[in-house]
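*Asks:* Mind looking over this structure? Questions follow.
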There are 2 protein chains.
Amino acid sequence: MYGWAGKRLRVNLSTGEILTEPLSYEYRRKWIGGRGFNSDVIYNEVPPGLDPFDPEARVCFGVGPVSGSAAPSTGRVTITCKSPLTGGFGDSNMGGHWGAELKYAGWDQIIIQGRAKNPVYLWIDDDNVELRDASHLWGKFPREADQMIKEELGDEDIHIVLIGPAGENMVRFACTFNDVWRAAGRTGTGGVIGSKNLKGIACRGSGTVKVADPRALLECSDRLRQAFKGDIMKEGLYEHGSLCLINVANRDGWFPWKNFQGGAHPNADNMSGETHSTTVLKHREGCYACPICCGRFTKIHDGKYAGEEFGGPEYEHAVPTGPRLGIIDDANDIWHNARLTNDYGLDGIETGGAIGAAMEWYEKGLITAKDTGGLELTWGNEEVVDKLIQMIGRREGFGDILADGADRAADKLGLPDEAHYYSITTRGMTLPGDDPRGLGFGYGLSFAVGTRGGCDHLRSLCCLELSGALYPGLNTKLLGDERANRPVTTVGKPYMVYYEENQKTTTDCLNVCCFTTHWSYAVTTPDQIEYLNAVTGLDFTEEEFQEVGERIFNLERSYWNRLMSGAREDTVPERFLKEPMPQGVEYQTNVGAVFPLNNLLKKYYEYRDWDPATGFPSEKKLNVLKLDYVAKDLAPLRSKYLSEPEKKKKKYYH
Amino acid sequence: MYGWAGKRLRVNLSTGEILTEPLSYEYRRKWIGGRGFNSDVIYNEVPPGLDPFDPEARVCFGVGPVSGSAAPSTGRVTITCKSPLTGGFGDSNMGGHWGAELKYAGWDQIIIQGRAKNPVYLWIDDDNVELRDASHLWGKFPREADQMIKEELGDEDIHIVLIGPAGENMVRFACTFNDVWRAAGRTGTGGVIGSKNLKGIACRGSGTVKVADPRALLECSDRLRQAFKGDIMKEGLYEHGSLCLINVANRDGWFPWKNFQGGAHPNADNMSGETHSTTVLKHREGCYACPICCGRFTKIHDGKYAGEEFGGPEYEHAVPTGPRLGIIDDANDIWHNARLTNDYGLDGIETGGAIGAAMEWYEKGLITAKDTGGLELTWGNEEVVDKLIQMIGRREGFGDILADGADRAADKLGLPDEAHYYSITTRGMTLPGDDPRGLGFGYGLSFAVGTRGGCDHLRSLCCLELSGALYPGLNTKLLGDERANRPVTTVGKPYMVYYEENQKTTTDCLNVCCFTTHWSYAVTTPDQIEYLNAVTGLDFTEEEFQEVGERIFNLERSYWNRLMSGAREDTVPERFLKEPMPQGVEYQTNVGAVFPLNNLLKKYYEYRDWDPATGFPSEKKLNVLKLDYVAKDLAPLRSKYLSEPEKKKKKYYH
């Protein structure tokens with residue numbers, strides 16, 4: 001068998017049972033890899049009513065057929081679970097080297113279930129798999145635990161998945177890392193892993209990826225690597241990391257200021273990639289086989305945080321724990337906050353979302369210092385933010401309330417409905433640092449319909465809205481309309497989102513980095529099929545490949561539908577529908593924009609063949625996608641959804 | 001003396017006195033021509049409190065130094081008065097050949113004052129100027145009167161300014177024509193002419209324009225004519241007239257549907273230039289010395305209006321009396337309505353504005369058929385629109401009420417304040433067919449600050465918002481920012497409006513067609529100075545030229561300030577500030593936009609050096625512009641404006 005290892009590992013932490021399961025040809029062909037394998041398992045093995053922290057809940061780690069090969073940027077891994085944040089479908093993926101290492105060890109996927117009596121970590125040494133005691137690692141930051149495990153196993157070259165204290169404390173938005181700093185940030189995978197008393201998974205692989213046509217693979221990979229040498233990639237992601245977006249975001253007005261009250265700030269350059277590179281950048285770090293090398297390593301030189309050294313930050317990390325909370329004057333505060341969320345193992349986006357919502361509740365008088373244990377939640381109050389991040393990670397005091405995310409916190413505090421206006425969430429998940437009134441209506445639509453809640457981050461990535469303008473002709477070629485280059489327009493956007501969601505889904509099945517596809521468009525779908533076929537020796541066509549993406553996307557959507565989440569919940573935070581974008585800086589492009597959701601949804605449903613009344617995929621579409629069992633699951637729920645007694649939009653699920 | 005005729009004609013209709021006044025070198029250098037000459041006279045001779053229909057009110061006709069020369073498109077004339085519609089400064093200009101003819105007759109300007117006892121027309125035959133009886137012409141359509149005068153004077157080659165029945169009836173938005181179909185549409189110049197019992201001005205000139213450097217002029221003119229041969233001009237204005245904008249407007253969402261409730265309609269192509277050209281276009285007509293030839297002549301072939309033949313329509317004519325009233329299915333209705341407003345001598349924009357407001361009052365229940373004399377003012381009701389246009393022209397029944405414009409009609413009907421929300425006016429003037437949420441924020445800003453009320457039409461013309469995208473690099477060159485190409489953005493727009501308003505003012509002093517400058521940017525300011533200096537033998541610099549534009553613009557602004565109209569009134573109809581643009585067609589680019597006025601005004605005032613509290617030009621600026629007498633006029637009014645008892649935005653002036 002070429003490409004795939006052809007087997008997966010099932011570990012039951014309650015019983016200690018470790019099983020090997022073969023993956024049939026049909027199964028591989030139907031789901032391809034990573035995200036596809038994982039979504040299938042979660043749909044089948046985690047019933048909608050199950051508590052995400054129940055021992056019977058699963059968490060999966062999946063890689064794909066080209067993972068660990070010579071194709072560019074093939075070191076990623078997808079982690080999937082029922083999300084403890086949203087109660088719905090949850091997945092997240094991360095770069096680094098662990099994904100390739102898992103493949104070298106001979107595995108395509110790991111399914112974890114059950115709960116260990118005491119803290120353990122999993123040690124995968126090719127076929128030798130064992131659970132080891134992790135009591136001494138419990139409470140440690142990933143950077144500490146990573147080093148301790150490497151010393152204990154006597155191998156500095158292994159790669160390790162780890163959670164931080166937040167995951168152990170079942171913070172509902174705890175994330176999961178590998179190589180210490182590469183995070184699968186969203187949907188709370190770390191909390192599920194923590195609920196199982198699992199600290200991490202160390203991996204050593206001595207094998208390789210068997211390639212059907214090595215010459216074809218190398219020729220293709222070489223050609224694609226050349227495509228990354230352009231100025232845009234070099235001057236952007238290599239030179240300044242994803243922080244290169246700061247000045248772009250500020251210019252185009254999607255830079256979240258004070259919980260999205262604004263979209264730009266005169267001092268944004270304080271924290272730009274350009275500034276970071278010339279002040280605190282220690283070195284750059286690349287993931288497995290990556291020609292881009294967007295990873296940062298930062299050292300703070302002065303101020304009260306002087307001496308701190310850490311991986312990151314990313315744009316989506318620095319923004320929510322910085323300007324989203326009104327912090328902009330001293331970038332060291334922002335770098336430090338990013339470091340803190342990393343150490344505690346918190347999703348930086350959701351951390352900023354929860355604190356930002358609380359700050360706005362405080363501003364609007366919905367809570368006072370009495371509710372927060374004395375914390376003055378004023379915008380830009382770094383002292384409080386520093387404390388609160390740690391309190392969330394430790395589930396202490398008011399941090400324990402915010403550790404459940406903004407929407408659940410509002411309800412726990414008994415706040416009026418108005419509080420949810422400020423929680424800036426869709427399906428219980430807060431939006432990343434991309435204001436849809438500026439980054440674009442494609443992003444906005446994908447927030448509304450995304451299969452893991454209000455997230456476009458590494459998800460649908462409508463980079464065509466920006467890259468189309470950078471690469472003239474791109475949108476004419478892909479969407480038939482160059483005007484889709486404008487972010488703040490509806491033109492072409494429903495199809496763009498449909499196209500990109502499917503494309504990103506297959507990219508996540510291959511577990512290759514979407515910066516190769518969705519930022520630069522250096523790697524197109526035909527390129528992906530070229531290396532997929534070179535590695536596997538199979539004959540995937542573009543049609544079949546795209547059908548796989550659509551199948552998985554619809555399966556994930558149906559997971560939500562089974563929870564009675566459909567068209568009613570396909571929306572974005574009301575702020576974006578109601579408040580025209582104010583002016584933050586003089587050169588801002590999008591002042592006066594609001595997000596016209598309804599104009600986009602109708603057409604999107606048509607492309608998807610989803611019933612506009614329920615937002616459920618049509619029975620016909622599910623059957624075409626070979627999801628007839630899903631069609632049967634949904635059949636009795638369609639009328640039920642329409643007749644739900646309250647017919648009220650749900651904010652999150654249990 | 002080169003270029004200028006060097007003298008103007010003053011006609012007092014009350015006394016029959018006809019005077020020749022010389023124009024000094026200093027005067028010509030200070031004001032250049034047409035708009036400059038006229039605005040100076042109106043400022044000095046028409047005090048703010050005077051009723052526009054008072055015999056002592058003036059109406060001026062002005063041309064410039066290059067009028068009638070070989071430079072491209074130099075046949076225009078500016079007409080200026082105190083507007084009976086708004087009560088403020090009013091001017092309008094028109095193409096055709098009359099402007100060139102006036103110059104050939106040896107005149108730079110005509111000032112009309114007083115009121116004739118019986119209807120008269122003015123006959124200018126070079127230096128021989130006489131008033132002739134027009135009793136037999138009274139009540140005639142311009143196309144009838146034009147022919148009657150030509151027969152009476154025995155010369156088919158003369159050119160004649162005329163008003164229609166609406167002007168005679170002092171409709172507050174009656175317009176003025178020459179060559180039958182070329183209209184100076186806005187601000188009600190025709191009503192002022194009518195109030196003086198003047199039907200028109202016939203003109204025959206046997207002279208020429210004395211050119212200082214004929215070789216330089218011809219070389220420059222030839223070169224500029226070449227610049228119009230590009231595809232955009234040919235395929236646009238030549239091929240389909242200004243109706244070529246219909247499909248563009250619909251695509252970019254600034255096509256006014258039902259009084260600006262929407263910005264696009266699926267059937268817009270029914271009335272597009274492309275459709276017009278292949279169905280009802282009889283022939284094309286050019287103005288004096290024009291290489292563009294955008295004029296249309298239409299013949300309706302079928303339906304109840306079959307057989308009608310007439311000049312036009314323009315985009316800004318067809319839209320307000322068509323889709324703005326919900327009429328779109330049968331384009332013949334639209335062509336017919338345009339013909340009717342022309343025959344009666346009505347500003348098509350204001351006619352559509354008044355009827356459209358009334359239709360929305362009717363829709364919202366603010367008026368009923370009892371108020372309208374039984375007319376059912378439902379959207380798209382062509383039968384009623386056909387009637388109502390004629391009733392307005394004749395000041396009959398409900399038409400008599402609408403003949404004062406939407407805002408005055410609301411007050412005459414005793415409607416609540418809410419009615420003004422639907423009148424879609426700024427300073428008492430309705431907006432033309434350009435929704436600022438789509439055509440662009442530059443246009444929107446110019447509606448708010450324009451010196452003749454809510455009008456960008458042939459006024460500031462921020463064509464850079466569109467042409468910038470057609471001619472890459474244009475906005476980088478002119479404004480330093482290519483992003484100003486996007487219509488729906490604030491970037492670069494305050495400076496764009498400042499620049500374009502000044503540029504358009506000097507263009508109106510030269511009385512050349514702004515399609516040569518603001519649409520194609522084939523003729524730039526340096527080009528204009530080149531032919532101005534070639535004709536006059538003078539040494540205008542770009543700096544001096546632009547200062548003249550700024551001087552005149554500030555003088556006109558000060559006219560409003562003397563009326564206590566300033567910053568409070570610098571706004572656009574509330575609809576554009578409050579209602580996000582809805583979706584009308586799938587491919588519409590600007591869904592979700594609202595117009596962010598305040599973000600633009602502040603910066604604009606800075607460029608203008610206008611006091612942000614009052615919106616009055618600073619004393620320093622007025623002195624720099626050699627308007628020290630204006631500074632003295634405004635000095636006592638500044639504090640008065642701020643302390644006006646009600647501090648309520650004024651809708652129009654008396």
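Numbering starts fresh at 1 for the residues of each chain in the structure tokens, the chains themselves are lettered A, B, ... in the order given, and ligands are numbered from 1 as they appear.
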Residues near A:Met148, anyone? I mean within 9 Å using only C-alpha atoms, not counting same-chain ones fewer than 5 positions away, as a list of chain:residue names.
*Replies:*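 Residues meeting the cut-off are A:Leu137, A:Arg143, A:Leu153.
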*Asks:* Using C-alpha atoms, can you write the selected residues to a file as a PDB file, in the first residue's frame?
*Replies:*
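That gives us selection_16.pdb:
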ATOM      1  CA  LEU A 137       3.704  16.206  34.242  1.00  0.00           C
ATOM      2  CA  ARG A 143       7.328  23.661  27.210  1.00  0.00           C
ATOM      3  CA  LEU A 153      12.562   8.720  27.005  1.00  0.00           C
TER       4      LEU A 153
END
*Asks:* Could you list, as a list of chain:residue names, every residue of chain B that has an atom within 7 Å of an atom of chain A, counting only C-alpha atoms?
*Replies:* B:Thr489, B:Thr490, B:Val491, B:Pro580, B:Gln583, B:Tyr587, B:Gln588, B:Thr589, B:Asn590, B:Val591, B:Gly592, B:Ala593, B:Val594, B:Phe595, B:Pro596, B:Asn599
*Asks:* Using only C-alpha atoms, pick whichever of A:Lys364, A:His301, A:His336, A:Lys229 has the shortest atom-to-atom distance to A:Glu418.
*Replies:*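 For A:Glu418, the nearest of the candidates is A:Lys364.
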*Asks:* Pick out the closest residue to A:Lys150 from this set: A:Asp539, A:Asp329, A:Asp179, A:Glu168. Count only C-alpha atoms.
*Replies:*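 Closest to A:Lys150 of all the choices is A:Asp179.
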*Asks:* Which residues come within 12 Å of B:Glu544, counting only C-alpha atoms, excluding same-chain residues fewer than 3 positions away, as JSON, numbers by chain?
*Replies:* {"B": [29, 30, 31, 32, 502, 506, 525, 526, 529, 538, 539, 540, 541, 547, 548, 549, 550, 551, 624, 625]}
*Asks:* Would you write out those residues with N, CA and C atoms, as a PDB file, in the first residue's frame?
*Replies:*
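Now in selection-v8.pdb:
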ATOM      1  N   ARG B  29      -9.209  87.864 -15.301  1.00  0.00           N
ATOM      2  CA  ARG B  29      -8.160  87.040 -14.695  1.00  0.00           C
ATOM      3  C   ARG B  29      -8.640  86.450 -13.362  1.00  0.00           C
ATOM      4  N   LYS B  30      -9.461  87.197 -12.659  1.00  0.00           N
ATOM      5  CA  LYS B  30      -9.924  86.734 -11.349  1.00  0.00           C
ATOM      6  C   LYS B  30     -10.995  85.646 -11.452  1.00  0.00           C
ATOM      7  N   TRP B  31     -11.855  85.745 -12.466  1.00  0.00           N
ATOM      8  CA  TRP B  31     -13.015  84.842 -12.545  1.00  0.00           C
ATOM      9  C   TRP B  31     -13.009  83.961 -13.794  1.00  0.00           C
ATOM     10  N   ILE B  32     -12.161  84.211 -14.738  1.00  0.00           N
ATOM     11  CA  ILE B  32     -11.971  83.450 -15.984  1.00  0.00           C
ATOM     12  C   ILE B  32     -13.160  83.489 -16.938  1.00  0.00           C
ATOM     13  N   ASN B 502     -13.035  71.664  -7.188  1.00  0.00           N
ATOM     14  CA  ASN B 502     -12.268  72.802  -7.714  1.00  0.00           C
ATOM     15  C   ASN B 502     -12.054  72.646  -9.218  1.00  0.00           C
ATOM     16  N   THR B 506     -13.408  75.195 -12.407  1.00  0.00           N
ATOM     17  CA  THR B 506     -12.660  75.853 -13.489  1.00  0.00           C
ATOM     18  C   THR B 506     -13.130  75.350 -14.846  1.00  0.00           C
ATOM     19  N   THR B 525      -5.942  69.093 -16.098  1.00  0.00           N
ATOM     20  CA  THR B 525      -5.809  70.519 -15.805  1.00  0.00           C
ATOM     21  C   THR B 525      -4.661  71.156 -16.602  1.00  0.00           C
ATOM     22  N   PRO B 526      -3.479  70.550 -16.662  1.00  0.00           N
ATOM     23  CA  PRO B 526      -2.427  71.140 -17.496  1.00  0.00           C
ATOM     24  C   PRO B 526      -2.838  71.283 -18.965  1.00  0.00           C
ATOM     25  N   ILE B 529      -5.011  74.342 -19.209  1.00  0.00           N
ATOM     26  CA  ILE B 529      -4.206  75.570 -19.134  1.00  0.00           C
ATOM     27  C   ILE B 529      -3.481  75.793 -20.453  1.00  0.00           C
ATOM     28  N   LEU B 538      -2.156  84.439 -22.515  1.00  0.00           N
ATOM     29  CA  LEU B 538      -1.734  84.766 -21.143  1.00  0.00           C
ATOM     30  C   LEU B 538      -0.866  83.638 -20.579  1.00  0.00           C
ATOM     31  N   ASP B 539      -0.536  83.779 -19.316  1.00  0.00           N
ATOM     32  CA  ASP B 539       0.420  82.848 -18.705  1.00  0.00           C
ATOM     33  C   ASP B 539      -0.144  82.226 -17.427  1.00  0.00           C
ATOM     34  N   PHE B 540      -1.389  81.733 -17.522  1.00  0.00           N
ATOM     35  CA  PHE B 540      -1.962  81.047 -16.353  1.00  0.00           C
ATOM     36  C   PHE B 540      -1.065  79.876 -15.947  1.00  0.00           C
ATOM     37  N   THR B 541      -0.856  79.748 -14.641  1.00  0.00           N
ATOM     38  CA  THR B 541      -0.170  78.557 -14.124  1.00  0.00           C
ATOM     39  C   THR B 541      -1.227  77.646 -13.508  1.00  0.00           C
ATOM     40  N   GLU B 547      -6.570  78.079  -8.049  1.00  0.00           N
ATOM     41  CA  GLU B 547      -7.017  79.052  -7.060  1.00  0.00           C
ATOM     42  C   GLU B 547      -8.323  79.713  -7.506  1.00  0.00           C
ATOM     43  N   VAL B 548      -8.454  79.937  -8.802  1.00  0.00           N
ATOM     44  CA  VAL B 548      -9.706  80.500  -9.308  1.00  0.00           C
ATOM     45  C   VAL B 548     -10.868  79.568  -8.979  1.00  0.00           C
ATOM     46  N   GLY B 549     -10.657  78.251  -9.205  1.00  0.00           N
ATOM     47  CA  GLY B 549     -11.696  77.277  -8.898  1.00  0.00           C
ATOM     48  C   GLY B 549     -12.074  77.312  -7.432  1.00  0.00           C
ATOM     49  N   GLU B 550     -11.065  77.334  -6.597  1.00  0.00           N
ATOM     50  CA  GLU B 550     -11.314  77.338  -5.164  1.00  0.00           C
ATOM     51  C   GLU B 550     -12.008  78.646  -4.742  1.00  0.00           C
ATOM     52  N   ARG B 551     -11.627  79.753  -5.357  1.00  0.00           N
ATOM     53  CA  ARG B 551     -12.237  81.053  -5.042  1.00  0.00           C
ATOM     54  C   ARG B 551     -13.738  81.019  -5.320  1.00  0.00           C
ATOM     55  N   VAL B 624      -7.062  84.856   1.561  1.00  0.00           N
ATOM     56  CA  VAL B 624      -6.085  84.295   0.615  1.00  0.00           C
ATOM     57  C   VAL B 624      -6.691  84.239  -0.786  1.00  0.00           C
ATOM     58  N   LEU B 625      -7.980  83.936  -0.846  1.00  0.00           N
ATOM     59  CA  LEU B 625      -8.653  83.787  -2.142  1.00  0.00           C
ATOM     60  C   LEU B 625      -9.119  85.141  -2.697  1.00  0.00           C
TER      61      LEU B 625
END
*Asks:* Got a sec: who's within 10 Å of B:Tyr641, counting only C-alpha atoms, leaving out chain neighbours fewer than 4 positions off, as a list in words?
*Replies:*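 Answer for this query is Asn561, Arg562, Leu563, Met564, Ser565, Gly566, Ala567, Arg568, Ala613, Thr614, Gly615, Phe616, Pro636, Leu637, Pro645 and Lys647 of chain B.
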*Asks:* Let me see the file: selected residues, all heavy atoms, as a short mmCIF file (atom, residue, chain, number, x, y, z; two decimals), in the first residue's frame.
*Replies:*
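What landed in out_36.cif:
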data_model
loop_
_atom_site.label_atom_id
_atom_site.label_comp_id
_atom_site.auth_asym_id
_atom_site.auth_seq_id
_atom_site.Cartn_x
_atom_site.Cartn_y
_atom_site.Cartn_z
N ASN B 561 -23.86 80.33 3.29
CA ASN B 561 -23.59 80.71 4.67
C ASN B 561 -24.34 82.00 5.05
O ASN B 561 -24.83 82.13 6.16
CB ASN B 561 -22.08 80.91 4.89
CG ASN B 561 -21.24 79.66 4.65
OD1 ASN B 561 -20.08 79.76 4.28
ND2 ASN B 561 -21.83 78.49 4.86
N ARG B 562 -24.43 82.92 4.09
CA ARG B 562 -25.19 84.14 4.36
C ARG B 562 -26.66 83.84 4.64
O ARG B 562 -27.36 84.62 5.29
CB ARG B 562 -25.12 85.09 3.15
CG ARG B 562 -23.80 85.84 3.03
CD ARG B 562 -23.95 87.04 2.10
NE ARG B 562 -24.51 86.67 0.80
CZ ARG B 562 -24.67 87.51 -0.21
NH1 ARG B 562 -24.31 88.79 -0.09
NH2 ARG B 562 -25.17 87.11 -1.35
N LEU B 563 -27.12 82.70 4.12
CA LEU B 563 -28.51 82.26 4.36
C LEU B 563 -28.63 81.45 5.65
O LEU B 563 -29.68 80.86 5.92
CB LEU B 563 -28.98 81.38 3.21
CG LEU B 563 -29.33 82.07 1.90
CD1 LEU B 563 -29.27 81.08 0.75
CD2 LEU B 563 -30.72 82.69 1.98
N MET B 564 -27.54 81.39 6.42
CA MET B 564 -27.50 80.54 7.63
C MET B 564 -27.59 79.05 7.26
O MET B 564 -28.25 78.27 7.93
CB MET B 564 -28.65 80.89 8.59
CG MET B 564 -28.57 82.28 9.16
SD MET B 564 -27.27 82.40 10.40
CE MET B 564 -26.11 83.46 9.53
N SER B 565 -26.91 78.68 6.20
CA SER B 565 -26.83 77.27 5.83
C SER B 565 -25.36 76.87 5.89
O SER B 565 -24.53 77.45 5.19
CB SER B 565 -27.36 77.08 4.41
OG SER B 565 -27.27 75.73 4.04
N GLY B 566 -25.04 75.94 6.79
CA GLY B 566 -23.64 75.58 6.97
C GLY B 566 -23.47 74.13 7.34
O GLY B 566 -24.10 73.25 6.76
N ALA B 567 -22.63 73.88 8.35
CA ALA B 567 -22.27 72.50 8.72
C ALA B 567 -23.50 71.66 9.05
O ALA B 567 -23.54 70.47 8.73
CB ALA B 567 -21.30 72.52 9.89
N ARG B 568 -24.48 72.28 9.71
CA ARG B 568 -25.69 71.52 10.10
C ARG B 568 -26.40 70.94 8.90
O ARG B 568 -27.01 69.88 8.97
CB ARG B 568 -26.66 72.46 10.83
CG ARG B 568 -26.89 72.11 12.24
CD ARG B 568 -27.92 72.96 12.97
NE ARG B 568 -28.19 74.28 12.52
CZ ARG B 568 -27.64 75.39 13.04
NH1 ARG B 568 -26.75 75.31 14.01
NH2 ARG B 568 -27.97 76.58 12.61
N ALA B 613 -17.19 73.79 13.10
CA ALA B 613 -18.41 74.06 13.88
C ALA B 613 -19.49 74.69 13.01
O ALA B 613 -20.66 74.30 13.09
CB ALA B 613 -18.07 74.98 15.05
N THR B 614 -19.12 75.63 12.18
CA THR B 614 -20.12 76.33 11.37
C THR B 614 -20.15 75.84 9.93
O THR B 614 -21.15 76.00 9.24
CB THR B 614 -19.79 77.84 11.31
OG1 THR B 614 -18.48 77.98 10.75
CG2 THR B 614 -19.83 78.47 12.69
N GLY B 615 -19.03 75.27 9.47
CA GLY B 615 -18.93 74.95 8.06
C GLY B 615 -18.72 76.19 7.21
O GLY B 615 -18.88 76.14 5.98
N PHE B 616 -18.37 77.31 7.81
CA PHE B 616 -18.07 78.53 7.05
C PHE B 616 -16.59 78.52 6.68
O PHE B 616 -15.76 78.12 7.49
CB PHE B 616 -18.33 79.78 7.91
CG PHE B 616 -19.78 80.11 8.14
CD1 PHE B 616 -20.77 79.13 8.12
CD2 PHE B 616 -20.17 81.42 8.41
CE1 PHE B 616 -22.10 79.44 8.35
CE2 PHE B 616 -21.51 81.73 8.64
CZ PHE B 616 -22.47 80.74 8.61
N PRO B 636 -20.05 88.68 11.00
CA PRO B 636 -21.06 88.74 12.07
C PRO B 636 -21.97 87.51 12.10
O PRO B 636 -22.74 87.34 13.05
CB PRO B 636 -21.87 90.00 11.71
CG PRO B 636 -21.70 90.16 10.23
CD PRO B 636 -20.35 89.61 9.89
N LEU B 637 -21.90 86.68 11.06
CA LEU B 637 -22.85 85.57 10.96
C LEU B 637 -22.35 84.29 11.64
O LEU B 637 -23.13 83.38 11.92
CB LEU B 637 -23.15 85.26 9.48
CG LEU B 637 -23.68 86.45 8.67
CD1 LEU B 637 -23.93 86.02 7.22
CD2 LEU B 637 -24.98 86.98 9.28
N PRO B 645 -31.74 80.08 17.27
CA PRO B 645 -32.56 79.58 18.38
C PRO B 645 -32.89 78.09 18.26
O PRO B 645 -32.65 77.33 19.19
CB PRO B 645 -33.82 80.44 18.30
CG PRO B 645 -33.64 81.39 17.17
CD PRO B 645 -32.29 81.25 16.61
N LYS B 647 -31.62 75.83 16.13
CA LYS B 647 -30.49 74.98 15.70
C LYS B 647 -31.00 73.76 14.95
O LYS B 647 -30.55 72.64 15.17
CB LYS B 647 -29.65 74.53 16.90
CG LYS B 647 -28.69 75.62 17.33
CD LYS B 647 -27.54 75.03 18.12
CE LYS B 647 -26.60 76.11 18.59
NZ LYS B 647 -25.63 75.68 19.56
#
*Asks:* Among stretch 160-249 of chain A, which residues carry a DSSP assignment of alpha helix (DSSP H), reported as JSON, numbers by chain?
*Replies:* {"A": [165, 166, 167, 168, 189, 190, 191, 192, 193, 194, 195, 214, 215, 216, 217, 218, 219, 220, 221, 222, 223, 224, 225, 226, 231, 232, 233, 239, 240, 245, 246, 247, 248, 249]}
*Asks:* Identify all residues of stretch 246-473 of chain A in strand (DSSP E) (DSSP on the backbone) and supply them as a compact mmCIF listing (two decimals) with N, CA, C and O atoms, in the first residue's frame.
*Replies:*
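See states.txt below for the written result:
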# COMPACT_ATOMS: atom_id res chain seq x y z
N LEU A 281 11.74 39.73 17.34
CA LEU A 281 11.88 38.43 16.65
C LEU A 281 13.24 37.84 16.98
O LEU A 281 14.28 38.46 16.76
N LYS A 282 13.23 36.61 17.52
CA LYS A 282 14.51 35.95 17.81
C LYS A 282 14.93 35.10 16.61
O LYS A 282 16.06 35.18 16.15
N HIS A 283 14.06 34.26 16.13
CA HIS A 283 14.34 33.52 14.90
C HIS A 283 13.03 33.05 14.28
O HIS A 283 11.96 33.15 14.89
N ARG A 284 13.13 32.54 13.05
CA ARG A 284 11.96 32.01 12.35
C ARG A 284 11.96 30.49 12.45
O ARG A 284 13.02 29.88 12.53
N GLU A 285 10.77 29.88 12.43
CA GLU A 285 10.68 28.42 12.54
C GLU A 285 9.75 27.87 11.46
O GLU A 285 8.64 28.41 11.28
N GLY A 295 6.57 30.52 10.98
CA GLY A 295 6.63 30.49 12.44
C GLY A 295 7.60 31.52 13.00
O GLY A 295 8.64 31.80 12.42
N ARG A 296 7.20 32.10 14.13
CA ARG A 296 8.04 33.12 14.81
C ARG A 296 8.54 32.55 16.12
O ARG A 296 7.92 31.68 16.74
N PHE A 297 9.67 33.05 16.59
CA PHE A 297 10.10 32.85 17.97
C PHE A 297 10.50 34.21 18.51
O PHE A 297 11.27 34.94 17.88
N THR A 298 9.90 34.55 19.65
CA THR A 298 9.95 35.92 20.15
C THR A 298 10.73 36.00 21.45
O THR A 298 10.65 35.10 22.29
N LYS A 299 11.49 37.07 21.61
CA LYS A 299 12.09 37.36 22.92
C LYS A 299 11.82 38.82 23.28
O LYS A 299 12.15 39.74 22.53
N GLU A 309 10.69 34.31 26.56
CA GLU A 309 10.97 33.76 25.23
C GLU A 309 9.93 32.71 24.90
O GLU A 309 9.63 31.87 25.73
N PHE A 310 9.46 32.71 23.68
CA PHE A 310 8.36 31.79 23.35
C PHE A 310 8.10 31.75 21.85
O PHE A 310 8.46 32.67 21.12
N GLY A 311 7.45 30.67 21.44
CA GLY A 311 7.04 30.55 20.05
C GLY A 311 5.82 31.42 19.77
O GLY A 311 4.98 31.61 20.63
N THR A 425 -20.48 35.67 19.11
CA THR A 425 -20.33 34.25 18.81
C THR A 425 -21.34 33.80 17.77
O THR A 425 -22.38 34.43 17.59
N THR A 426 -21.03 32.73 17.10
CA THR A 426 -22.00 31.98 16.32
C THR A 426 -21.91 30.52 16.77
O THR A 426 -20.81 29.97 16.86
N MET A 429 -19.35 29.78 19.51
CA MET A 429 -17.91 29.98 19.29
C MET A 429 -17.66 31.43 18.90
O MET A 429 -18.37 31.99 18.06
N THR A 430 -16.66 32.04 19.52
CA THR A 430 -16.38 33.43 19.19
C THR A 430 -15.62 33.52 17.88
O THR A 430 -14.89 32.59 17.49
*Asks:* Show me, as a PyMOL selection string, the residues that have an atom within 9 Å of stretch 5-16 of chain B when counting only C-alpha atoms, minus same-chain residues fewer than 4 positions from it.
*Replies:* chain B and resi 1+20-25+28+55+62+65+103-117+120+130-131+196-198+209-210
